[in-house]
Structures are given as structure tokens and as C-alpha cells.
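The next block holds one structure in the form of C-alpha cells; read it before the comments.
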Amino acid sequence: MRFTLTSHALVGAVAVSALTVPRSVEKRLTHIDLAQFGSFPTISPEQAHSEAEALTAILGDGPQFSGHKSNTNTNTNNKSPVAAVDDTTTESEAAAAGTCDRNNPAVRFEWRNYSADDKKAFVNGIKCLMDKDSSGSFPGAKNRYEDLVSVHQQLTPTIHQRATFLVWHRYYVHVFESLMREECGFNRAFPWWDETLDAGKFAQSDLFTDEHFGPLPGKTSDGQGTCIDTGTFGGLTLHVGPGSGFTDHCLARAVDESLTATVSAQFVQDCNSRTSYDDMRGCQELGPHAYGHNGVGAVMAEVQASPGDPVFFMHHLFVDHSFRIWQNGDASRTTTINGCADGNNPCTAITMDTVLHSNGLRPNTTVGAVMDTLGDYLCYRYDY
Ligand SMILES: [Cu+2]
């Protein structure tokens, strides 16, 4: 495409600048250098698989916690369509408090099970946040949606590649949800995205159409990303990022379907076969989570400011779903956690009392409050 346009210009034998291109060429897509975005670190699916097999050889199939007698009847099937609600054996403190009706929580519907009307309302809710003023308290943010992006950018060192990753991002998605509901009047069920069904063909998903999150162009032959110029988010300027900076840039994407192809049910399961929270977390973070980010490319491939692409939240709803499915494998997985809460040496161990915060965007909470999605702080399940 770019080559063709250049040839035309040369044939025309005129100096081509942005100001002199003929009208027919004017609408050409704007490309953007991907080097500024970097990428998320990864482990290979093969490594996750061989480690899962080694674990199975040692431990046998299925969750391997001992000393939880009440769990023995709950471990039967974490692939069932009702797996996300099949966790009723242990009452959490929150559920005991009675504020979440565990039989009637909010349901997050997979995008394919979400109505056309709800899809439109969801996208419009995000657009509404982008059209609202920033509170002014978040570096670089020029609108309310960017307040969220800025929080992620600023907290990046404390929320990635450590035990906080899954719990903090669960809280972050909840913060996003509360902004949508409280400030943009969004009053529908939330969606999630089963990326494993779109592995290797993300660009064909109905998510990536003008009605929804806009197109997902491929990485160009010379390795560049493409600015999204159509749909609800077409022509968007991002002010937070890339990286830790604040440089105006477009909402760009650059799909690499060889990377999205690795976001398979097998990869998710291989990670979820790990019985230690922090082992599972590391595998998910550097595995399906990282490949989804890098696969969509450009803004999404950038660790700090990737929420600048609104599809970030669909991706993290998927990551949270995988976490919840792992938790369904054993009742103790909503009440215990392990790993490092910081980067100190030796590190501070994460506990149920570790505080999760959003730089004041929404009230702080604790790890313990978000561990059970059917507690009192959170009250949702996934439709499967
Ligand atoms: Cu993140």
C-alpha cells in the first residue's frame, strides 16, 4: 500500500509532502513507528506446556491442596460452563456478611453472548469517559478515561511481574467499571472476551469493527503500526505514554496473528495447572496475557500506557476470567495468596491485607477484598 502510493508520487514527478498529495491519496492511513512502544516480556507456550506436564507427572491431575477436607467434592471440573459459579463450598467472610447474593451476582457475558445493543452501549460508555474532563490529578491525562491510563502508567513498577499483577488488575477493571457506571450512566451487564476462540484471527473478531473498538490492521511490511482512523475511536489522540512519557500519539494497532495464535485454551490451561498462585500468575502474565498485548501490537504492546487502547479492558477481562477459573479449582484459592508484593530484597510477602490502590481515583481496597469475585467488594461471575 505504502509502496504503491510512493510509486504514484514518483510517476507524478512532484515533490510529495503532506500538503500536496492529491485528494485521492489524502485519506491514506497514517503509520507509526513501533519501536517507541516496545513489548511485554514472554515465556513460550512450549515452556509452559512442558512445565505443566512435569507438574502433572509429579502431582497427578487436578488441584493438589491437602488439608481442605471440604474441597474434595469441588474439584471435579473446572471446564464446565458453570465453572465460574461453582465455588459455593467455602463461604468467604464477605459472603458471610451477606452483601453479595451469590446466587444472583452480576454476570459478565462473553462478547459473543452479549447483545448488539449492549455492545454499542458499552463502547459508547467508554467514549463518554473520553469525552469527560480529567479530574486534573493524574499526570498527563487530558480526559477522564486518561485518568485511568495515567494511574496504570504511574503504578507500572508495582503492579507487573510480581504477585500483585492479577489482583491489582482485577481491582483496576473494577475501577474502570465503577467509572463507567457512576460517571457515564452505564447500567448493563459487563462483557468479557474469550480470546482463545479468536486465537490466530483476532482481526476477524466483531470486536474489531467500526461499530465497536475499530479495526485491527496488520503490522505493515516495513514493521509499522497503523493509526485507527475509523469507528468510535477513530482519530483519537492519546496523551499518556508511550512509556513513562507524555507525547501526543495516535491510537495505533499492528496485529501479529502468529502471536495471537498462541493465546490458546491449551496455554491458559497449562498456566492454570500450577497450584501455587504466584507460579500460575507468572505463567499467565508472561504467557497468554503478554501475547494478547503484543499480538494486538502498538499501543497495546506497551507496558505502561497500554490502557490507552480501550480494548485493553476487554483483554484484562479475559485475563481476570482465567484467574477466576483457576480459583474455582480449589476453595483455598480465594482465601490464600503467595509471592512478592514489592521489589525489595528480600521482598515483602503479599498477604490478604496488602493494600491495592489507584492513586486516589477510587478508594483503596485490599487483596483480601478482591480475591473472591463473589464477596462483598466484588459481586460478579462469568457466564462460563
Ligand atoms: Cu498492566
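Following the order of the C-alpha cells, first chain is A, next is B, and so on, with residues numbered from 1 inside each chain and ligands from 1 in the order they appear.
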
For ligand 1, return the neighbouring residues as a PyMOL selection string (distance at most 7 Å; only C-alpha atoms and all ligand atoms). chain A and resi 152+156+159-160+169+303-304

Quick one: write out the picked residues with C-alpha atoms as a short mmCIF file (atom, residue, chain, number, x, y, z; two decimals), in the first residue's frame?
```cif
data_model
loop_
_atom_site.label_atom_id
_atom_site.label_comp_id
_atom_site.auth_asym_id
_atom_site.auth_seq_id
_atom_site.Cartn_x
_atom_site.Cartn_y
_atom_site.Cartn_z
CA HIS A 152 -1.69 2.42 35.27
CA THR A 156 3.52 0.14 36.47
CA ILE A 159 1.77 -4.00 39.51
CA HIS A 160 3.67 -6.06 36.95
CA HIS A 169 -5.65 -5.68 37.58
CA VAL A 303 3.52 -2.00 29.21
CA GLN A 304 2.91 1.34 30.90
#
```

Within region 239-306 of chain A, find each residue whose DSSP state, derived from the backbone, is alpha helix (DSSP H), and express the selection as a list in words.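 Filtering region 239-306 of chain A to alpha helix (DSSP H) leaves Glu257, Ser258, Leu259, Thr260, Ala265, Gln266, Phe267, Val268, Gln269, Asp270, Cys271, Asn272, Tyr277, Asp278, Asp279, Met280, Arg281, Gly282, Cys283, Gln284, Ala290, Tyr291, Gly292, His293, Asn294, Gly295 and Val296 of chain A.
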
Only N, CA and C atoms, please: the residues just picked out, written as a PDB file, in the first residue's frame.
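Heads up, here's the output in again.pdb:
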```
ATOM      1  N   GLU A 257      -0.800 -12.002  13.929  1.00  0.00           N
ATOM      2  CA  GLU A 257      -1.655 -13.149  14.265  1.00  0.00           C
ATOM      3  C   GLU A 257      -0.841 -14.382  14.660  1.00  0.00           C
ATOM      4  N   SER A 258       0.467 -14.372  14.353  1.00  0.00           N
ATOM      5  CA  SER A 258       1.280 -15.507  14.834  1.00  0.00           C
ATOM      6  C   SER A 258       1.428 -15.430  16.352  1.00  0.00           C
ATOM      7  N   LEU A 259       1.326 -14.224  16.886  1.00  0.00           N
ATOM      8  CA  LEU A 259       1.360 -14.064  18.345  1.00  0.00           C
ATOM      9  C   LEU A 259      -0.019 -14.331  18.951  1.00  0.00           C
ATOM     10  N   THR A 260      -1.071 -13.825  18.297  1.00  0.00           N
ATOM     11  CA  THR A 260      -2.405 -14.062  18.873  1.00  0.00           C
ATOM     12  C   THR A 260      -2.736 -15.555  18.837  1.00  0.00           C
ATOM     13  N   ALA A 265      -6.566 -22.034  24.401  1.00  0.00           N
ATOM     14  CA  ALA A 265      -7.108 -22.644  25.619  1.00  0.00           C
ATOM     15  C   ALA A 265      -6.038 -23.524  26.276  1.00  0.00           C
ATOM     16  N   GLN A 266      -5.209 -24.166  25.456  1.00  0.00           N
ATOM     17  CA  GLN A 266      -4.151 -25.027  26.000  1.00  0.00           C
ATOM     18  C   GLN A 266      -3.158 -24.223  26.840  1.00  0.00           C
ATOM     19  N   PHE A 267      -2.750 -23.082  26.328  1.00  0.00           N
ATOM     20  CA  PHE A 267      -1.788 -22.233  27.046  1.00  0.00           C
ATOM     21  C   PHE A 267      -2.392 -21.790  28.392  1.00  0.00           C
ATOM     22  N   VAL A 268      -3.643 -21.350  28.340  1.00  0.00           N
ATOM     23  CA  VAL A 268      -4.321 -20.920  29.572  1.00  0.00           C
ATOM     24  C   VAL A 268      -4.373 -22.080  30.562  1.00  0.00           C
ATOM     25  N   GLN A 269      -4.736 -23.249  30.071  1.00  0.00           N
ATOM     26  CA  GLN A 269      -4.830 -24.424  30.957  1.00  0.00           C
ATOM     27  C   GLN A 269      -3.482 -24.830  31.509  1.00  0.00           C
ATOM     28  N   ASP A 270      -2.458 -24.753  30.666  1.00  0.00           N
ATOM     29  CA  ASP A 270      -1.111 -25.114  31.139  1.00  0.00           C
ATOM     30  C   ASP A 270      -0.704 -24.201  32.297  1.00  0.00           C
ATOM     31  N   CYS A 271      -1.016 -22.923  32.168  1.00  0.00           N
ATOM     32  CA  CYS A 271      -0.712 -21.996  33.273  1.00  0.00           C
ATOM     33  C   CYS A 271      -1.579 -22.320  34.483  1.00  0.00           C
ATOM     34  N   ASN A 272      -2.833 -22.610  34.229  1.00  0.00           N
ATOM     35  CA  ASN A 272      -3.754 -22.870  35.331  1.00  0.00           C
ATOM     36  C   ASN A 272      -3.542 -24.224  36.000  1.00  0.00           C
ATOM     37  N   TYR A 277      -0.327 -19.923  43.565  1.00  0.00           N
ATOM     38  CA  TYR A 277      -0.826 -18.680  42.961  1.00  0.00           C
ATOM     39  C   TYR A 277       0.264 -17.983  42.163  1.00  0.00           C
ATOM     40  N   ASP A 278       1.425 -17.785  42.788  1.00  0.00           N
ATOM     41  CA  ASP A 278       2.429 -16.956  42.132  1.00  0.00           C
ATOM     42  C   ASP A 278       3.043 -17.637  40.902  1.00  0.00           C
ATOM     43  N   ASP A 279       3.115 -18.961  40.922  1.00  0.00           N
ATOM     44  CA  ASP A 279       3.569 -19.676  39.713  1.00  0.00           C
ATOM     45  C   ASP A 279       2.561 -19.503  38.585  1.00  0.00           C
ATOM     46  N   MET A 280       1.291 -19.682  38.923  1.00  0.00           N
ATOM     47  CA  MET A 280       0.224 -19.501  37.933  1.00  0.00           C
ATOM     48  C   MET A 280       0.246 -18.065  37.411  1.00  0.00           C
ATOM     49  N   ARG A 281       0.379 -17.113  38.320  1.00  0.00           N
ATOM     50  CA  ARG A 281       0.394 -15.694  37.951  1.00  0.00           C
ATOM     51  C   ARG A 281       1.520 -15.391  36.959  1.00  0.00           C
ATOM     52  N   GLY A 282       2.715 -15.886  37.258  1.00  0.00           N
ATOM     53  CA  GLY A 282       3.851 -15.631  36.369  1.00  0.00           C
ATOM     54  C   GLY A 282       3.606 -16.204  34.982  1.00  0.00           C
ATOM     55  N   CYS A 283       3.039 -17.399  34.940  1.00  0.00           N
ATOM     56  CA  CYS A 283       2.757 -18.060  33.662  1.00  0.00           C
ATOM     57  C   CYS A 283       1.686 -17.298  32.882  1.00  0.00           C
ATOM     58  N   GLN A 284       0.627 -16.895  33.554  1.00  0.00           N
ATOM     59  CA  GLN A 284      -0.419 -16.121  32.853  1.00  0.00           C
ATOM     60  C   GLN A 284       0.122 -14.770  32.397  1.00  0.00           C
ATOM     61  N   ALA A 290       0.618 -11.651  28.014  1.00  0.00           N
ATOM     62  CA  ALA A 290       1.627 -10.913  27.235  1.00  0.00           C
ATOM     63  C   ALA A 290       1.400 -11.071  25.731  1.00  0.00           C
ATOM     64  N   TYR A 291       1.018 -12.283  25.302  1.00  0.00           N
ATOM     65  CA  TYR A 291       0.815 -12.499  23.862  1.00  0.00           C
ATOM     66  C   TYR A 291      -0.404 -11.736  23.337  1.00  0.00           C
ATOM     67  N   GLY A 292      -1.423 -11.602  24.164  1.00  0.00           N
ATOM     68  CA  GLY A 292      -2.580 -10.810  23.740  1.00  0.00           C
ATOM     69  C   GLY A 292      -2.189  -9.355  23.520  1.00  0.00           C
ATOM     70  N   HIS A 293      -1.407  -8.816  24.471  1.00  0.00           N
ATOM     71  CA  HIS A 293      -0.929  -7.440  24.330  1.00  0.00           C
ATOM     72  C   HIS A 293      -0.051  -7.287  23.087  1.00  0.00           C
ATOM     73  N   ASN A 294       0.969  -8.128  22.995  1.00  0.00           N
ATOM     74  CA  ASN A 294       1.914  -7.994  21.886  1.00  0.00           C
ATOM     75  C   ASN A 294       1.251  -8.308  20.547  1.00  0.00           C
ATOM     76  N   GLY A 295       0.276  -9.210  20.575  1.00  0.00           N
ATOM     77  CA  GLY A 295      -0.414  -9.597  19.344  1.00  0.00           C
ATOM     78  C   GLY A 295      -1.194  -8.438  18.752  1.00  0.00           C
ATOM     79  N   VAL A 296      -1.934  -7.716  19.579  1.00  0.00           N
ATOM     80  CA  VAL A 296      -2.681  -6.547  19.077  1.00  0.00           C
ATOM     81  C   VAL A 296      -1.697  -5.466  18.638  1.00  0.00           C
TER      82      VAL A 296
END
```
